[in-house]
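Notes to accompany the following structure.
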Amino acid sequence: MQISIRVLSSERQTIADLSDMMIAVVAHGGSIGFMHPLAQQVAEGFWQDSLLSAEKGERIVLGAFDNDILAGTVTLLLKGPQNQPHRGEIAKMMTRAEYRRRGIARALLLDAERLAAAHGRTLLTLDTATEDGAAGLYESLGYQLTGEIPDYALKPHGGLTGTLIYWKRL
């Protein structure tokens with residue numbers, strides 16, 4: 001398996017691939033801000049808006065590809081308050097179930113960190129679900145746990161989960 005990471009743009013096929021992956025991740029319980037069942041048009045609307053924001057320079061959406069298959073994605077949020085031009089945020093980290101535990105999320109996150117630094121960001125923040133989140137990955141890459149907010153969000157299939165807040169200086 002040879003994975004390549006690319007910056008994504010708002011091509012029709014890219015939006016469809018991102019939407020399909022998001023629907024599958026939510027169906028498998030991924031806590032990424034959506035409830036199951038996630039409608040195709042809702043997922044497509046999210047990615048259209050996200051990639052439009054990327055075209056404005058407000059974020060960068062990365063995709064990890066195994067040949068032509070989109071295996072994972074992460075978003076680096078660059079636009080923030082006027083007093084935080086040094087800070088970025090990691091969001092919407094997803095890997096297709098069949099590609100997990102192969103280093104794809106790690107590669108995506110490292111590339112996002114590189115791009116954050118290239119855009120003058122010296123601090124990154126992120127959050128992940130307390131249950132079934134990616135805390136182990138983030139901690140292995142030097143992210144520092146700030147704390148947990150209990151009952152922060154609904155899980156995709158119902159019930160509450162907390163969130164863990166992390167940060168890292170670049």
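How things are named: the first chain in the structure tokens is A, the next is B, and so on; residues count from 1 in each chain; ligands count from 1 in the order shown.
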With the cut-off set at 8 Å and counting only C-alpha atoms, tabulate each residue of range 21-102 of chain A with an atom at most that distance from an atom of range 115-130 of chain A, showing the nearest atom pair and its distance in Å to one decimal, ordered by chain and increasing number, as JSON lines.
{"residue": "A:Ser31", "atom": "CA", "partner": "A:Ala129", "partner_atom": "CA", "distance": 6.4}
{"residue": "A:Leu76", "atom": "CA", "partner": "A:Ala116", "partner_atom": "CA", "distance": 7.3}
{"residue": "A:Leu78", "atom": "CA", "partner": "A:Ala116", "partner_atom": "CA", "distance": 7.8}
{"residue": "A:Pro85", "atom": "CA", "partner": "A:Arg121", "partner_atom": "CA", "distance": 7.2}
{"residue": "A:His86", "atom": "CA", "partner": "A:Arg121", "partner_atom": "CA", "distance": 4.4}
{"residue": "A:Arg87", "atom": "CA", "partner": "A:Leu123", "partner_atom": "CA", "distance": 4.8}
{"residue": "A:Gly88", "atom": "CA", "partner": "A:Leu124", "partner_atom": "CA", "distance": 4.9}
{"residue": "A:Glu89", "atom": "CA", "partner": "A:Thr125", "partner_atom": "CA", "distance": 4.8}
{"residue": "A:Ile90", "atom": "CA", "partner": "A:Leu126", "partner_atom": "CA", "distance": 5.1}
{"residue": "A:Ala91", "atom": "CA", "partner": "A:Leu126", "partner_atom": "CA", "distance": 6.6}
Using DSSP on the backbone coordinates, identify all residues within chain A classified as strand (DSSP E or B); present the result as a PyMOL selection string. chain A and resi 3-7+59-66+69-77+87-95+123-129+144-154+160-169
Go ahead and save the picked residues with C-alpha atoms, as a PDB file, in the first residue's frame.
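Output file selection-v6.pdb is given in full below:
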ATOM      1  CA  ILE A   3      -0.402   6.282   0.503  1.00  0.00           C
ATOM      2  CA  SER A   4      -0.176   9.769  -0.950  1.00  0.00           C
ATOM      3  CA  ILE A   5      -1.499  12.867   0.789  1.00  0.00           C
ATOM      4  CA  ARG A   6      -2.942  15.737  -1.216  1.00  0.00           C
ATOM      5  CA  VAL A   7      -4.688  19.032  -0.574  1.00  0.00           C
ATOM      6  CA  ARG A  59      -8.795  25.990   6.079  1.00  0.00           C
ATOM      7  CA  ILE A  60      -6.912  23.188   4.382  1.00  0.00           C
ATOM      8  CA  VAL A  61      -8.595  19.844   3.731  1.00  0.00           C
ATOM      9  CA  LEU A  62      -6.161  16.963   3.232  1.00  0.00           C
ATOM     10  CA  GLY A  63      -6.902  13.566   1.755  1.00  0.00           C
ATOM     11  CA  ALA A  64      -4.889  10.361   2.036  1.00  0.00           C
ATOM     12  CA  PHE A  65      -5.146   8.188  -1.062  1.00  0.00           C
ATOM     13  CA  ASP A  66      -4.397   4.547  -1.743  1.00  0.00           C
ATOM     14  CA  ILE A  69      -9.269   5.487  -3.135  1.00  0.00           C
ATOM     15  CA  LEU A  70      -9.755   8.203  -0.520  1.00  0.00           C
ATOM     16  CA  ALA A  71      -8.660   6.395   2.641  1.00  0.00           C
ATOM     17  CA  GLY A  72      -8.693   9.268   5.127  1.00  0.00           C
ATOM     18  CA  THR A  73      -8.982  13.004   5.649  1.00  0.00           C
ATOM     19  CA  VAL A  74      -8.200  15.756   8.131  1.00  0.00           C
ATOM     20  CA  THR A  75      -8.950  19.464   8.145  1.00  0.00           C
ATOM     21  CA  LEU A  76      -6.666  22.207   9.394  1.00  0.00           C
ATOM     22  CA  LEU A  77      -8.709  25.248  10.406  1.00  0.00           C
ATOM     23  CA  ARG A  87      -3.309  29.238  16.306  1.00  0.00           C
ATOM     24  CA  GLY A  88      -4.824  26.529  14.137  1.00  0.00           C
ATOM     25  CA  GLU A  89      -7.242  23.721  14.884  1.00  0.00           C
ATOM     26  CA  ILE A  90      -7.321  20.104  13.768  1.00  0.00           C
ATOM     27  CA  ALA A  91     -10.814  18.902  12.806  1.00  0.00           C
ATOM     28  CA  LYS A  92     -12.710  16.106  11.030  1.00  0.00           C
ATOM     29  CA  MET A  93      -9.974  13.467  11.301  1.00  0.00           C
ATOM     30  CA  MET A  94     -11.428  10.369   9.619  1.00  0.00           C
ATOM     31  CA  THR A  95     -10.081   7.105   8.256  1.00  0.00           C
ATOM     32  CA  LEU A 123      -0.083  26.309  18.371  1.00  0.00           C
ATOM     33  CA  LEU A 124      -2.589  23.643  17.387  1.00  0.00           C
ATOM     34  CA  THR A 125      -5.684  22.584  19.299  1.00  0.00           C
ATOM     35  CA  LEU A 126      -8.123  19.733  18.817  1.00  0.00           C
ATOM     36  CA  ASP A 127     -10.752  17.717  20.590  1.00  0.00           C
ATOM     37  CA  THR A 128     -11.691  14.070  20.432  1.00  0.00           C
ATOM     38  CA  ALA A 129     -14.444  11.958  21.939  1.00  0.00           C
ATOM     39  CA  GLN A 144      -0.983  17.635  25.650  1.00  0.00           C
ATOM     40  CA  LEU A 145      -4.285  16.863  27.332  1.00  0.00           C
ATOM     41  CA  THR A 146      -5.846  19.983  28.845  1.00  0.00           C
ATOM     42  CA  GLY A 147      -8.899  18.269  30.250  1.00  0.00           C
ATOM     43  CA  GLU A 148     -12.211  16.573  29.677  1.00  0.00           C
ATOM     44  CA  ILE A 149     -15.652  18.086  29.280  1.00  0.00           C
ATOM     45  CA  PRO A 150     -18.219  15.452  30.295  1.00  0.00           C
ATOM     46  CA  ASP A 151     -21.422  14.890  28.320  1.00  0.00           C
ATOM     47  CA  TYR A 152     -20.172  17.227  25.584  1.00  0.00           C
ATOM     48  CA  ALA A 153     -22.007  15.752  22.593  1.00  0.00           C
ATOM     49  CA  LEU A 154     -24.401  13.073  21.485  1.00  0.00           C
ATOM     50  CA  LEU A 160     -23.732  11.250  25.553  1.00  0.00           C
ATOM     51  CA  THR A 161     -19.952  11.262  25.361  1.00  0.00           C
ATOM     52  CA  GLY A 162     -17.369  13.589  26.797  1.00  0.00           C
ATOM     53  CA  THR A 163     -14.641  15.305  24.824  1.00  0.00           C
ATOM     54  CA  LEU A 164     -10.932  15.573  25.500  1.00  0.00           C
ATOM     55  CA  ILE A 165      -9.214  18.883  24.686  1.00  0.00           C
ATOM     56  CA  TYR A 166      -5.608  18.771  23.422  1.00  0.00           C
ATOM     57  CA  TRP A 167      -2.957  21.280  22.344  1.00  0.00           C
ATOM     58  CA  LYS A 168       0.526  21.183  20.832  1.00  0.00           C
ATOM     59  CA  ARG A 169       3.184  23.814  20.236  1.00  0.00           C
TER      60      ARG A 169
END
Which is closest to Phe46 in chain A among A:Ala135, A:Leu18, A:Ala24, A:Leu170, if we use only C-alpha atoms?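 Of all the options, A:Leu18 lies closest to Phe46 in chain A.
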So which residues touch Ser19 in chain A within 12 Å, counting only C-alpha atoms, skipping near sequence neighbours fewer than 6 positions away, as a JSON list (two decimals) with N, CA, C and O atoms, in the first residue's frame?
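Generated output (part-v3.json):
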[["chain", "number", "residue", "atom", "x", "y", "z"],
["A", 12, "ARG", "N", -16.35, 17.57, -7.94],
["A", 12, "ARG", "CA", -17.56, 16.78, -7.68],
["A", 12, "ARG", "C", -17.23, 15.40, -7.09],
["A", 12, "ARG", "O", -17.85, 14.97, -6.12],
["A", 13, "GLN", "N", -16.24, 14.71, -7.67],
["A", 13, "GLN", "CA", -15.89, 13.38, -7.18],
["A", 13, "GLN", "C", -15.29, 13.44, -5.78],
["A", 13, "GLN", "O", -15.55, 12.57, -4.95],
["A", 25, "VAL", "N", -18.24, 6.57, 8.43],
["A", 25, "VAL", "CA", -17.63, 6.79, 9.74],
["A", 25, "VAL", "C", -18.71, 7.03, 10.80],
["A", 25, "VAL", "O", -18.67, 6.47, 11.89],
["A", 26, "VAL", "N", -19.71, 7.85, 10.47],
["A", 26, "VAL", "CA", -20.81, 8.11, 11.40],
["A", 26, "VAL", "C", -21.60, 6.83, 11.66],
["A", 26, "VAL", "O", -21.96, 6.53, 12.80],
["A", 34, "PHE", "N", -22.02, 14.66, 13.65],
["A", 34, "PHE", "CA", -23.24, 14.29, 12.93],
["A", 34, "PHE", "C", -23.89, 13.08, 13.56],
["A", 34, "PHE", "O", -23.23, 12.28, 14.23],
["A", 38, "LEU", "N", -26.83, 9.61, 8.57],
["A", 38, "LEU", "CA", -26.41, 10.87, 7.97],
["A", 38, "LEU", "C", -26.83, 10.87, 6.50],
["A", 38, "LEU", "O", -26.40, 10.00, 5.74],
["A", 39, "ALA", "N", -27.66, 11.81, 6.13],
["A", 39, "ALA", "CA", -28.16, 11.89, 4.75],
["A", 39, "ALA", "C", -27.05, 12.34, 3.81],
["A", 39, "ALA", "O", -26.23, 13.20, 4.16],
["A", 40, "GLN", "N", -27.04, 11.77, 2.62],
["A", 40, "GLN", "CA", -26.05, 12.11, 1.60],
["A", 40, "GLN", "C", -26.02, 13.62, 1.34],
["A", 40, "GLN", "O", -24.95, 14.21, 1.27],
["A", 41, "GLN", "N", -27.18, 14.25, 1.22],
["A", 41, "GLN", "CA", -27.22, 15.67, 0.90],
["A", 41, "GLN", "C", -26.66, 16.52, 2.04],
["A", 41, "GLN", "O", -26.05, 17.56, 1.80],
["A", 42, "VAL", "N", -26.82, 16.08, 3.27],
["A", 42, "VAL", "CA", -26.24, 16.80, 4.42],
["A", 42, "VAL", "C", -24.72, 16.69, 4.38],
["A", 42, "VAL", "O", -24.00, 17.69, 4.54],
["A", 43, "ALA", "N", -24.22, 15.50, 4.14],
["A", 43, "ALA", "CA", -22.77, 15.29, 4.05],
["A", 43, "ALA", "C", -22.18, 16.09, 2.89],
["A", 43, "ALA", "O", -21.15, 16.76, 3.04],
["A", 44, "GLU", "N", -22.82, 16.04, 1.74],
["A", 44, "GLU", "CA", -22.33, 16.79, 0.58],
["A", 44, "GLU", "C", -22.35, 18.29, 0.85],
["A", 44, "GLU", "O", -21.42, 19.00, 0.47],
["A", 45, "GLY", "N", -23.40, 18.79, 1.50],
["A", 45, "GLY", "CA", -23.46, 20.21, 1.84],
["A", 45, "GLY", "C", -22.33, 20.62, 2.76],
["A", 45, "GLY", "O", -21.72, 21.69, 2.59],
["A", 46, "PHE", "N", -22.03, 19.76, 3.74],
["A", 46, "PHE", "CA", -20.92, 20.05, 4.65],
["A", 46, "PHE", "C", -19.63, 20.18, 3.87],
["A", 46, "PHE", "O", -18.87, 21.13, 4.06],
["A", 47, "TRP", "N", -19.34, 19.20, 3.00],
["A", 47, "TRP", "CA", -18.07, 19.21, 2.28],
["A", 47, "TRP", "C", -18.00, 20.32, 1.24],
["A", 47, "TRP", "O", -16.94, 20.90, 1.01],
["A", 48, "GLN", "N", -19.11, 20.65, 0.62],
["A", 48, "GLN", "CA", -19.11, 21.79, -0.31],
["A", 48, "GLN", "C", -18.74, 23.07, 0.42],
["A", 48, "GLN", "O", -17.89, 23.84, -0.04],
["A", 50, "SER", "N", -17.15, 23.29, 3.31],
["A", 50, "SER", "CA", -15.79, 23.16, 3.83],
["A", 50, "SER", "C", -14.75, 23.45, 2.74],
["A", 50, "SER", "O", -13.78, 24.18, 2.97],
["A", 70, "LEU", "N", -9.92, 7.29, -1.65],
["A", 70, "LEU", "CA", -9.75, 8.20, -0.52],
["A", 70, "LEU", "C", -9.85, 7.38, 0.76],
["A", 70, "LEU", "O", -10.91, 6.85, 1.10],
["A", 72, "GLY", "N", -8.57, 8.47, 3.92],
["A", 72, "GLY", "CA", -8.69, 9.27, 5.13],
["A", 72, "GLY", "C", -8.64, 10.74, 4.82],
["A", 72, "GLY", "O", -8.27, 11.15, 3.71],
["A", 73, "THR", "N", -9.00, 11.55, 5.80],
["A", 73, "THR", "CA", -8.98, 13.00, 5.65],
["A", 73, "THR", "C", -8.78, 13.67, 7.00],
["A", 73, "THR", "O", -9.07, 13.08, 8.05],
["A", 92, "LYS", "N", -12.18, 17.11, 11.97],
["A", 92, "LYS", "CA", -12.71, 16.11, 11.03],
["A", 92, "LYS", "C", -11.66, 15.08, 10.59],
["A", 92, "LYS", "O", -11.54, 14.75, 9.42],
["A", 94, "MET", "N", -10.67, 11.59, 9.93],
["A", 94, "MET", "CA", -11.43, 10.37, 9.62],
["A", 94, "MET", "C", -10.57, 9.42, 8.79],
["A", 94, "MET", "O", -9.84, 9.87, 7.92],
["A", 96, "ARG", "N", -11.21, 5.60, 6.75],
["A", 96, "ARG", "CA", -12.14, 4.51, 6.43],
["A", 96, "ARG", "C", -11.80, 3.30, 7.30],
["A", 96, "ARG", "O", -10.63, 3.01, 7.54]]
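Between Gly142 in chain A and the candidates A:His28, A:Arg106, A:Lys155, A:Asp49, the tightest atom-to-atom separation, counting only C-alpha atoms, involves A:Arg106.
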Work out how far CA of Glu55 in chain A is from CA of Ser10 in chain A, in Å to one decimal.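 Distance reported for this atom pair: 8.3 Å.
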